[in-house]
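S.K.: Would you mind keeping the following structure in view while I ask a few things?
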Amino acid sequence: MDVHTFSGSRRSPLAGWLDAPSGWTALDPVSERLHGVVRRVPRSVQDALHGVWLGHHLHPALIPVPVGCWLSAAILDSTCTAPDAALRLTRIGLVGVAPAAWTGWADWSTLNAEQRRTGLVHAVGVVAAAALQGASLAARCRAARTGAAPTTGRLLGLAGLTVAGAAAALGGHLAHRQAPADSL
């Protein structure tokens, strides 16, 4: 692939959609309040979550856990062969959201106002994906107890995975296209 595809000489139509949240100034009051909360976390904790000890951001290393688990559950769901394994993967993915989110907030706290807007929309997407996966887990557990097919759990899981994918696209756009200055 041509390097110019990413450097800006050719712009994807999707890039405009992904850039849009950076201009949503209506998010600033919420962003400023959250920014103040996150910045009150002790510096040593922020640095640990940010990945200073690792030499690079920790957030990208943790997000494959929830996304990978939910993708794997969706693959198992598509084969209809391992509902118990899909249930376990959904649960593990939900557990993996917390550390990924904590490290994401640490990174978010170092961004400028425009980048924080994009990051806030990314975070809302992650929360929505986790909520859908939580609903999927509840439906899967209900189906397992009653012996019913986990159809609702599967559909909610697929919806959660779709939202997680959109949130990941926005997070990747923020990290690479909007390229915050490295603050490690």
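Starting from 1 in every chain, residues are counted up; chains themselves are A, B, ... following the order of the structure tokens, and ligands are numbered from 1 as listed.
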Residues of region 33-159 of chain A in helix (DSSP H, G or I) according to DSSP, as a ChimeraX atom specification?

M.R.: /A:33-39,43-50,59-62,64-79,83-108,113-146,151-159

S.K.: Fewer than 2 positions away in the same chain doesn't count, so skip those; otherwise give me all residues within 9 Å of region 14-20 of chain A, counting only C-alpha atoms, as a PyMOL selection string.

M.R.: chain A and resi 11-12+22-24+118+169-170+173-174+177-178

S.K.: When you look at Ala167 (chain A) with a cut-off of 7 Å (counting only C-alpha atoms), what residues show up, excluding the ones that are within fewer than 2 positions of it in the same chain? I need them as a PyMOL selection string.

M.R.: chain A and resi 122+125-126+163-165+169-171

S.K.: Keeping N, CA and C atoms for every residue in the selection just given, could you write it to a file as a short mmCIF file (atom, residue, chain, number, x, y, z; two decimals), in the first residue's frame?

M.R.:
data_model
loop_
_atom_site.label_atom_id
_atom_site.label_comp_id
_atom_site.auth_asym_id
_atom_site.auth_seq_id
_atom_site.Cartn_x
_atom_site.Cartn_y
_atom_site.Cartn_z
N HIS A 122 -15.29 8.06 21.39
CA HIS A 122 -14.73 6.69 21.40
C HIS A 122 -15.13 5.98 22.70
N GLY A 125 -18.71 4.96 22.80
CA GLY A 125 -18.88 3.75 21.99
C GLY A 125 -18.46 2.50 22.74
N VAL A 126 -17.37 2.59 23.48
CA VAL A 126 -16.89 1.45 24.26
C VAL A 126 -17.90 1.10 25.36
N VAL A 163 -20.58 -2.37 17.51
CA VAL A 163 -20.33 -1.07 18.15
C VAL A 163 -18.87 -0.97 18.59
N ALA A 164 -18.32 -2.07 19.13
CA ALA A 164 -16.91 -2.07 19.53
C ALA A 164 -16.01 -1.81 18.32
N GLY A 165 -16.37 -2.38 17.17
CA GLY A 165 -15.59 -2.15 15.95
C GLY A 165 -15.62 -0.70 15.53
N ALA A 169 -12.45 1.82 15.46
CA ALA A 169 -12.07 2.62 14.29
C ALA A 169 -11.84 4.07 14.70
N LEU A 170 -12.70 4.58 15.55
CA LEU A 170 -12.54 5.96 16.02
C LEU A 170 -11.29 6.10 16.88
N GLY A 171 -11.04 5.12 17.75
CA GLY A 171 -9.82 5.15 18.57
C GLY A 171 -8.56 5.07 17.73
#

S.K.: Compile the contact shell of Ala138 (chain A) as a tab-separated table (two decimals) with N, CA and C atoms, in the first residue's frame: residues with an atom at most 12 Å away, counting only C-alpha atoms, same-chain residues fewer than 2 positions apart removed.

M.R.:
chain	number	residue	atom	x	y	z
A	87	LEU	N	-20.22	-18.02	25.89
A	87	LEU	CA	-20.61	-17.35	27.13
A	87	LEU	C	-19.37	-16.97	27.93
A	88	ARG	N	-18.43	-17.90	28.07
A	88	ARG	CA	-17.20	-17.62	28.83
A	88	ARG	C	-16.38	-16.52	28.17
A	90	THR	N	-17.50	-14.09	26.30
A	90	THR	CA	-18.21	-12.83	26.52
A	90	THR	C	-17.89	-12.30	27.91
A	91	ARG	N	-17.90	-13.18	28.89
A	91	ARG	CA	-17.59	-12.79	30.28
A	91	ARG	C	-16.14	-12.28	30.40
A	94	LEU	N	-15.73	-8.87	28.97
A	94	LEU	CA	-16.25	-7.83	29.86
A	94	LEU	C	-15.26	-7.51	30.99
A	131	ALA	N	-22.07	-2.43	27.35
A	131	ALA	CA	-23.45	-2.61	27.81
A	131	ALA	C	-24.16	-3.68	26.98
A	132	LEU	N	-23.96	-3.65	25.67
A	132	LEU	CA	-24.56	-4.67	24.81
A	132	LEU	C	-23.99	-6.05	25.12
A	133	GLN	N	-22.69	-6.12	25.37
A	133	GLN	CA	-22.09	-7.40	25.72
A	133	GLN	C	-22.58	-7.87	27.09
A	134	GLY	N	-22.79	-6.94	28.02
A	134	GLY	CA	-23.36	-7.30	29.33
A	134	GLY	C	-24.76	-7.86	29.18
A	135	ALA	N	-25.55	-7.23	28.32
A	135	ALA	CA	-26.90	-7.74	28.04
A	135	ALA	C	-26.82	-9.10	27.35
A	136	SER	N	-25.84	-9.27	26.49
A	136	SER	CA	-25.63	-10.56	25.82
A	136	SER	C	-25.30	-11.63	26.85
A	140	ARG	N	-27.40	-14.91	27.56
A	140	ARG	CA	-26.76	-16.22	27.41
A	140	ARG	C	-26.92	-17.05	28.69
A	141	CYS	N	-26.74	-16.40	29.84
A	141	CYS	CA	-26.89	-17.12	31.12
A	141	CYS	C	-28.33	-17.59	31.30
A	142	ARG	N	-29.29	-16.74	30.94
A	142	ARG	CA	-30.70	-17.10	31.02
A	142	ARG	C	-30.99	-18.32	30.12
A	143	ALA	N	-30.45	-18.28	28.91
A	143	ALA	CA	-30.66	-19.39	27.97
A	143	ALA	C	-30.03	-20.67	28.51
A	144	ALA	N	-28.85	-20.55	29.11
A	144	ALA	CA	-28.17	-21.74	29.64
A	144	ALA	C	-28.98	-22.35	30.79
A	145	ARG	N	-29.58	-21.50	31.62
A	145	ARG	CA	-30.40	-22.01	32.74
A	145	ARG	C	-31.66	-22.70	32.26
A	150	PRO	N	-29.47	-19.69	22.66
A	150	PRO	CA	-29.01	-18.36	23.07
A	150	PRO	C	-29.12	-17.31	21.95
A	152	THR	N	-30.97	-14.56	21.50
A	152	THR	CA	-30.92	-13.16	21.92
A	152	THR	C	-29.51	-12.78	22.34
A	153	GLY	N	-28.84	-13.66	23.09
A	153	GLY	CA	-27.46	-13.41	23.50
A	153	GLY	C	-26.53	-13.27	22.31
A	154	ARG	N	-26.74	-14.10	21.32
A	154	ARG	CA	-25.91	-14.03	20.11
A	154	ARG	C	-26.12	-12.71	19.38
A	156	LEU	N	-27.31	-9.85	20.60
A	156	LEU	CA	-26.77	-8.74	21.40
A	156	LEU	C	-25.25	-8.73	21.34
A	157	GLY	N	-24.63	-9.90	21.36
A	157	GLY	CA	-23.18	-9.98	21.24
A	157	GLY	C	-22.69	-9.44	19.91

S.K.: Of the candidates A:Ala168, A:Ala130, A:Ala149, A:Trp105, which one gets nearest to Val41 (chain A) if we count only C-alpha atoms?

M.R.: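 Between A:Ala168, A:Ala130, A:Ala149, A:Trp105, the residue approaching Val41 (chain A) most closely is A:Trp105.
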